[in-house]
Amino acid sequence: MGNRTERLLAIKELISSRTISSQEELLQLLEEKGLNYTQATLSRDLKFLKVNKISHNEKGYIYQLPDQHIPGNDIAESYASKGFTSIQFANHLGIIKTIPGYASSIASLIDKSNPFEIAGTIAGDDTILIIPQNDVSEKDIINALVLIIPELKEKLT
């Protein structure tokens, strides 16, 4: 996994499990995890993850992930991870194999997450065709899938 993917996963985990009110606080928590980088990089990562700030009674404003990434979608992510069996690439297209009946749900989760690396998906019963954006590598697709379904990290590395 690339350093960027590890950072993004760490940011998602921290924001979903704590009330964080500033980039300085988030940078410090990331540093405690051994991830050191600049405020500018953190800003870009927060924008990429579509993180916003919401009102909080005690801290003023805190960071929150978009709806598809907040707790409650864990069931969908777990379901997707259990249904996923493999991925391979041919002619720059990704082909995901799933347990029969899982493909459309997993494809829907990918499409709803709207990663910039993936233009779209087409699902059958046990196969998903991943259509990447131009100039996106296989590794970029895998990293995008791990950000959408973190439980895939162990299966894809």
# chains A, B, ... in the order shown; residues from 1 in each chain; ligands from 1
>>> residues_around(residues="segment 17-32 of chain A", least_positions_apart="5", cutoff="7 Å", atoms="only C-alpha atoms", output="VMD selection string")
chain A and resid 59 61 to 63
>>> closest_atom_pairs(of="segment 31-107 of chain A", to="segment 135-156 of chain A", cutoff="8 Å", atoms="only C-alpha atoms", output="tab-separated table")
residue	atom	partner	partner_atom	distance
A:Glu77	CA	A:Ile149	CA	5.3
A:Ser78	CA	A:Glu151	CA	7.0
A:Ala80	CA	A:Ile149	CA	7.2
A:Ser81	CA	A:Leu152	CA	5.9
A:Phe89	CA	A:Glu138	CA	7.3
A:His92	CA	A:Glu138	CA	7.3
A:Gly94	CA	A:Glu138	CA	7.7
>>> select_by_dssp(residues="chain A", states="alpha helix (DSSP H)", output="PyMOL selection string")
chain A and resi 3-17+23-32+39-48+74-83+103-113+138-148+153-156
>>> residues_around(residues="Tyr79 of chain A", least_positions_apart="3", cutoff="12 Å", atoms="only C-alpha atoms", output="compact mmCIF listing (two decimals) with C-alpha atoms, in the first residue's frame")
# COMPACT_ATOMS: atom_id res chain seq x y z
CA ASN A 73 -22.06 1.89 6.45
CA ASP A 74 -19.81 -0.64 8.18
CA ILE A 75 -22.42 -3.32 7.42
CA ALA A 76 -22.22 -2.60 3.69
CA LYS A 82 -17.14 -11.01 2.43
CA GLY A 83 -18.48 -11.17 -1.13
CA PHE A 84 -15.22 -10.14 -2.81
CA THR A 98 -17.52 -12.09 -6.23
CA ILE A 99 -19.60 -14.76 -4.58
CA GLY A 101 -25.33 -12.53 -5.90
CA TYR A 102 -22.88 -10.01 -4.41
CA ALA A 103 -21.69 -8.16 -7.52
CA SER A 104 -24.47 -5.57 -7.85
CA SER A 105 -24.30 -4.57 -4.18
CA ILE A 106 -20.52 -4.18 -4.26
CA ALA A 107 -20.68 -2.24 -7.54
CA LEU A 109 -21.11 0.73 -3.02
CA ILE A 149 -13.84 -1.07 1.62
CA PRO A 150 -10.98 -1.00 4.17
CA GLU A 151 -11.41 -4.71 4.96
CA LEU A 152 -10.05 -5.48 1.47
>>> select_by_dssp(residues="chain A", states="strand (DSSP E or B)", output="PyMOL selection string")
chain A and resi 52-56+60-64+84-90+93-98+118-123+127-132
>>> write_last_selection(atoms="C-alpha atoms", output="tab-separated table (two decimals), in the first residue's frame")
chain	number	residue	atom	x	y	z
A	52	ASN	CA	-16.53	18.68	6.14
A	53	LYS	CA	-16.97	20.43	9.45
A	54	ILE	CA	-20.17	20.21	11.47
A	55	SER	CA	-21.30	22.06	14.57
A	56	HIS	CA	-20.44	20.47	17.92
A	60	GLY	CA	-17.40	24.40	18.17
A	61	TYR	CA	-16.84	22.57	14.89
A	62	ILE	CA	-15.51	19.07	14.25
A	63	TYR	CA	-14.51	17.09	11.18
A	64	GLN	CA	-16.96	14.60	9.71
A	84	PHE	CA	-15.22	-10.14	-2.81
A	85	THR	CA	-13.12	-13.06	-4.10
A	86	SER	CA	-10.54	-11.60	-6.52
A	87	ILE	CA	-9.53	-8.83	-8.91
A	88	GLN	CA	-7.56	-8.99	-12.12
A	89	PHE	CA	-6.88	-6.50	-14.90
A	90	ALA	CA	-7.14	-6.77	-18.68
A	93	LEU	CA	-10.09	-2.64	-17.06
A	94	GLY	CA	-10.58	-4.21	-13.64
A	95	ILE	CA	-12.52	-7.43	-13.30
A	96	ILE	CA	-13.74	-8.21	-9.80
A	97	LYS	CA	-15.02	-11.70	-9.06
A	98	THR	CA	-17.52	-12.09	-6.23
A	118	ILE	CA	-13.14	4.93	-11.31
A	119	ALA	CA	-15.41	6.21	-14.09
A	120	GLY	CA	-18.02	3.54	-13.37
A	121	THR	CA	-18.89	-0.11	-12.91
A	122	ILE	CA	-21.00	-2.71	-14.66
A	123	ALA	CA	-22.20	-5.63	-12.54
A	127	THR	CA	-18.56	-10.22	-11.82
A	128	ILE	CA	-17.97	-6.48	-11.77
A	129	LEU	CA	-16.30	-4.58	-14.59
A	130	ILE	CA	-14.36	-1.58	-13.26
A	131	ILE	CA	-13.94	1.17	-15.85
A	132	PRO	CA	-11.04	3.41	-14.80
